[in-house]
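Reading through the structure tokens given below for one structure.
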Amino acid sequence: MRLLLVALFFGLLFSYIDAYDPLDPNGNITIKWDVISWAADGYVAVVTMNNFQMYRHIMSPGWTIGWTWAKKEVIWDMKGAQATEQGDCSKFKGTIPHCCKKNPTVVDLLPGVPYNQQFSNCCKGGVLAAWGQDPQAAVSAFQISVGQAGTSNKTVKLPKNFTLLGPSPGYTCGPAKIVPPTTFLTPDRRRKTQALMTWNVTCTYSQFLAQKHPSCCVSFSSFYNETITSCPSCACGCENKKKCVKSDSKLLSVVGINTPKKDNTPLLQCTHHMCPIRVHWHVKSNYKDYWRAKVAITNFNYRMNYTQWTLVVQHPNLNNVTQVFSFDYKPLVPYGSINDTGMFYGMKFFNDLLMEAGPFGNVQSEVLLQKDKETFTFKQGWGFPRKVYFNGEECILPPPDSYPFLPNSADSNQAFFPRFIVSSVILFLIVIVPVSFQVLKILESSEGHLKLLK
């Protein structure tokens with residue numbers, strides 16, 4: 001029994017540690033219930049989901065939340081969302097509830113539903129933007145009418161066992177907690193009202209719980225070394241190796257091959273790393289006061305378009321970004337004094353959609369950074385990121401000993417020295433050597449003339 005308790009304690013501890021994200025320590029999704037009125041046998045509440053994660057969003061097919069009622073509650077009506085199953089409502093006569101299940105599952109409505117079914121911040125197909133990318137689109141809400149429930153603060157029992165899919169597993173929700181009632185401003189902003197009762201549910205994300213393998217990998221290259229460090233082999237697992245498709249396969253011309261499956265099973269292009277996403281970081285140029293890197297993101301999944309994608313990079317020189325050319329950029333400063341992390345994301349209506357694998361399945365940009373003479377160097381792989389996240393998932397980096405290192409003969413601030421040597425040799429061969437041959441010929445001819453004179 002004691003061993004079981006110890007194992008359970010460490011399991012919970014490791015789950016908590018894994019859910020903690022050092023680059024986004026306050027990131028979570030908060031589900032808030034505001035009781036706005038009492039009904040004859042229950043209450044009407046507004047449920048609001050706020051995605052407070054800086055760089056992790058919820059893609060299509062969107063969020064799904066669930067819970068277990070504490071008593072025998074039913075859902076009479078909903079606006080802005082719907083329960084996926086009605087359940088057994090056979091005991092009701094006349095008006096039939098929207099859902100009678102003990103553990104309802106709720107999803108957002110799709111865009112374009114009739115106005116009488118809509119609610120503010122609803123009907124986006126469950127898509128939630130990241131807070132750091134678009135705070136206004138990081139909110140979703142719906143209204144729910146609950147029956148056979150308490151009709152006062154003392155008799156209402158809070159729902160329990162909350163779950164959240166976003167859209168895949170990975171989120172763990174804590175218990176509902178009563179908090180101070182939410183206050184609201186009237187449209188003329190001259191009067192404040194407040195909810196009759198408010199409780200919050202906080203859900204945090206764990207990549208360990210979400211999937212068995214990583215979903216992205218990173219490769220490196222540089223102008224000062226011909227070595228291209230590719231993604232590690234089977235970086236994202238090789239279970240799909242037998243089901244992958246070569247880039248020139250005739251199967252790709254079949255109609256409907258790019259249609260996503262209900263279980264989100266990927267159709268990957270055959271690669272040695274077998275990752276849906278590869279991020280490539282290329283150290284491109286070195287100037288006197290600046291240096292330039294190129295970032296390219298490639299999609300190898302033929303069944304997935306990535307909308308509102310995000311790329312988070314940790315690098316010490318991100319504290320001095322001069323210009324990002326084709327992406328939007330936002331520094332992430334979770335600890336105030338440390339500015340070494342930034343989020344790249346697509347420009348709206350330009351490259352915020354990463355298409356499925358194929359000729360258009362990539363986005364890229366260049367980044368210009370100003371040097372800090374006290375810390376800047378190209379030695380020991382300094383020019384490459386320490387951590388990379390795509391859509392909130394940490395990517396697998398190559399082992400450090402495989403990075404394209406600066407040649408031993410070159411100093412970090414003299415990266416063009418090898419080129420200078422090569423150029424000098426070429427100049428010597430092209431210009432100096434032919435001239436020397438001409439001089440020798442002239443001397444030989446002069447000696448011949450002297451001999452004739454003698």
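Residues in the structure tokens are named by chain (A, B, ... in the order shown) and by number from 1 within that chain; ligands are numbered from 1 in the order shown.
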
May I have the residues within 10 Å of segment 256-269 of chain A as a ChimeraX atom specification, using only C-alpha atoms and disregarding those fewer than 3 positions away in the same chain? /A:61,167-168,240-241,243-249,251-253,272,274-277,299-305,356-358

Could you tell me, as a compact mmCIF listing (two decimals) with all heavy atoms, in the first residue's frame, which residues of segment 145-251 of chain A DSSP assigns to alpha helix (DSSP H) when given the backbone?
# COMPACT_ATOMS: atom_id res chain seq x y z
N GLN A 207 2.74 18.12 -23.04
CA GLN A 207 3.10 17.46 -24.29
C GLN A 207 3.28 15.97 -24.08
O GLN A 207 3.02 15.16 -24.97
CB GLN A 207 4.39 18.08 -24.85
CG GLN A 207 4.77 17.55 -26.23
CD GLN A 207 5.94 18.31 -26.85
OE1 GLN A 207 6.30 19.38 -26.40
NE2 GLN A 207 6.53 17.75 -27.88
N PHE A 208 3.70 15.58 -22.89
CA PHE A 208 3.90 14.17 -22.56
C PHE A 208 2.57 13.41 -22.64
O PHE A 208 2.51 12.28 -23.12
CB PHE A 208 4.49 14.05 -21.16
CG PHE A 208 4.64 12.63 -20.68
CD1 PHE A 208 5.66 11.83 -21.15
CD2 PHE A 208 3.75 12.09 -19.76
CE1 PHE A 208 5.80 10.51 -20.71
CE2 PHE A 208 3.87 10.79 -19.32
CZ PHE A 208 4.90 10.00 -19.80
N LEU A 209 1.48 14.04 -22.17
CA LEU A 209 0.17 13.40 -22.22
C LEU A 209 -0.45 13.46 -23.61
O LEU A 209 -1.28 12.63 -23.97
CB LEU A 209 -0.78 14.08 -21.22
CG LEU A 209 -0.42 13.96 -19.74
CD1 LEU A 209 -1.40 14.79 -18.91
CD2 LEU A 209 -0.44 12.51 -19.28
N ALA A 210 -0.05 14.46 -24.40
CA ALA A 210 -0.68 14.68 -25.70
C ALA A 210 -0.33 13.62 -26.72
O ALA A 210 -1.18 13.18 -27.49
CB ALA A 210 -0.32 16.07 -26.22

As a ChimeraX atom specification, please: every residue in segment 26-214 of chain A that DSSP puts in strand (DSSP E). /A:29-38,43-51,64-68,74-79,81-83,105-108,139-147,160-165,171-173,177-179,183-185,192-194,197-205

Give me the residues near Ala141 of chain A as a VMD selection string, where near means some atom within 6 Å (using only C-alpha atoms) and where sequence neighbours in that chain fewer than 2 positions away do not count. chain A and resid 47 to 48 121 to 122

Can you write out the residues you just picked, keeping C-alpha atoms, as a CSV table (one decimal), in the first residue's frame?
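Result written to again_11.csv:
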chain,number,residue,atom,x,y,z
A,47,VAL,CA,-19.5,29.9,-20.0
A,48,THR,CA,-16.4,31.7,-21.3
A,121,ASN,CA,-17.7,35.0,-29.2
A,122,CYS,CA,-19.2,31.8,-30.4

Would you list the contacts of Ala39 of chain A as a ChimeraX atom specification, taking every protein, DNA or RNA residue within 10 Å and counting only C-alpha atoms, but skipping same-chain residues closer than 2 positions in sequence? /A:37,41-44,145-152

With N, CA and C atoms retained, write the just-selected residues as a PDB file, in the first residue's frame.
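Heads up, here's the output in selection.pdb:
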ATOM      1  N   SER A  37     -28.657  34.450 -14.098  1.00  0.00           N
ATOM      2  CA  SER A  37     -30.043  34.526 -13.620  1.00  0.00           C
ATOM      3  C   SER A  37     -30.465  33.171 -13.070  1.00  0.00           C
ATOM      4  N   ASP A  41     -36.213  25.981 -11.929  1.00  0.00           N
ATOM      5  CA  ASP A  41     -35.593  24.772 -11.379  1.00  0.00           C
ATOM      6  C   ASP A  41     -34.080  24.750 -11.569  1.00  0.00           C
ATOM      7  N   GLY A  42     -33.481  25.914 -11.752  1.00  0.00           N
ATOM      8  CA  GLY A  42     -32.033  25.924 -11.966  1.00  0.00           C
ATOM      9  C   GLY A  42     -31.500  27.328 -12.224  1.00  0.00           C
ATOM     10  N   TYR A  43     -30.647  27.437 -13.239  1.00  0.00           N
ATOM     11  CA  TYR A  43     -30.003  28.724 -13.500  1.00  0.00           C
ATOM     12  C   TYR A  43     -29.607  28.829 -14.965  1.00  0.00           C
ATOM     13  N   VAL A  44     -29.315  30.059 -15.378  1.00  0.00           N
ATOM     14  CA  VAL A  44     -28.764  30.345 -16.700  1.00  0.00           C
ATOM     15  C   VAL A  44     -27.354  30.884 -16.485  1.00  0.00           C
ATOM     16  N   SER A 145     -28.581  26.829 -20.186  1.00  0.00           N
ATOM     17  CA  SER A 145     -29.682  26.841 -19.219  1.00  0.00           C
ATOM     18  C   SER A 145     -29.743  25.473 -18.545  1.00  0.00           C
ATOM     19  N   VAL A 146     -29.544  25.462 -17.234  1.00  0.00           N
ATOM     20  CA  VAL A 146     -29.431  24.217 -16.479  1.00  0.00           C
ATOM     21  C   VAL A 146     -30.682  24.017 -15.630  1.00  0.00           C
ATOM     22  N   GLY A 147     -31.256  22.829 -15.693  1.00  0.00           N
ATOM     23  CA  GLY A 147     -32.432  22.499 -14.895  1.00  0.00           C
ATOM     24  C   GLY A 147     -32.147  21.409 -13.885  1.00  0.00           C
ATOM     25  N   GLN A 148     -33.120  21.227 -12.959  1.00  0.00           N
ATOM     26  CA  GLN A 148     -32.979  20.249 -11.865  1.00  0.00           C
ATOM     27  C   GLN A 148     -31.712  20.506 -11.049  1.00  0.00           C
ATOM     28  N   ALA A 149     -31.412  21.794 -10.912  1.00  0.00           N
ATOM     29  CA  ALA A 149     -30.221  22.211 -10.171  1.00  0.00           C
ATOM     30  C   ALA A 149     -30.648  23.115  -9.026  1.00  0.00           C
ATOM     31  N   GLY A 150     -29.716  23.583  -8.278  1.00  0.00           N
ATOM     32  CA  GLY A 150     -30.015  24.527  -7.206  1.00  0.00           C
ATOM     33  C   GLY A 150     -30.462  25.862  -7.766  1.00  0.00           C
ATOM     34  N   THR A 151     -31.187  26.618  -6.948  1.00  0.00           N
ATOM     35  CA  THR A 151     -31.686  27.927  -7.376  1.00  0.00           C
ATOM     36  C   THR A 151     -31.162  29.045  -6.486  1.00  0.00           C
ATOM     37  N   SER A 152     -30.045  28.801  -5.796  1.00  0.00           N
ATOM     38  CA  SER A 152     -29.405  29.834  -4.975  1.00  0.00           C
ATOM     39  C   SER A 152     -27.937  29.471  -4.820  1.00  0.00           C
TER      40      SER A 152
END

Separation of atom CA of Pro399 of chain A and atom CA of Val218 of chain A, in Å?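 Answer for the atom CA of Pro399 of chain A to atom CA of Val218 of chain A separation: 10.5 Å.
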
Set out as a Markdown table a contact list for segment 66-119 of chain A and segment 155-158 of chain A with a cut-off of 12 Å, giving each residue of segment 66-119 of chain A that qualifies its closest atom pair and distance in Å to one decimal, counting only C-alpha atoms, ordered by chain and rising residue number.
| residue | atom | partner | partner_atom | distance |
| --- | --- | --- | --- | --- |
| A:Trp67 | CA | A:Leu158 | CA | 10.1 |
| A:Thr68 | CA | A:Leu158 | CA | 9.4 |
| A:Trp69 | CA | A:Leu158 | CA | 7.6 |
| A:Ala70 | CA | A:Lys157 | CA | 6.0 |
| A:Lys71 | CA | A:Lys157 | CA | 7.3 |
| A:Lys72 | CA | A:Lys157 | CA | 10.3 |
| A:Glu73 | CA | A:Lys157 | CA | 9.6 |

Set the distance at 8 Å and use only C-alpha atoms: which residues neighbour Cys217 of chain A once local chain neighbours fewer than 3 positions away are removed? I'd like the list as a PyMOL selection string. chain A and resi 214+231-232+235-236+273+275+277-279+395-397

Quick one: residues within 8 Å of Trp199 of chain A, only C-alpha atoms, excluding same-chain residues fewer than 6 positions away - as a PDB file with C-alpha atoms, in the first residue's frame?
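File around-v3.pdb, as written:
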ATOM      1  CA  LYS A  32     -15.339  30.553 -16.336  1.00  0.00           C
ATOM      2  CA  TRP A  33     -18.998  29.957 -15.407  1.00  0.00           C
ATOM      3  CA  ASP A  34     -21.036  33.093 -14.617  1.00  0.00           C
ATOM      4  CA  ALA A 176     -14.078  24.031 -10.209  1.00  0.00           C
ATOM      5  CA  LYS A 177     -13.416  26.782  -7.656  1.00  0.00           C
ATOM      6  CA  ILE A 178     -15.778  29.530  -6.555  1.00  0.00           C
ATOM      7  CA  VAL A 179     -14.258  32.978  -7.186  1.00  0.00           C
TER       8      VAL A 179
END
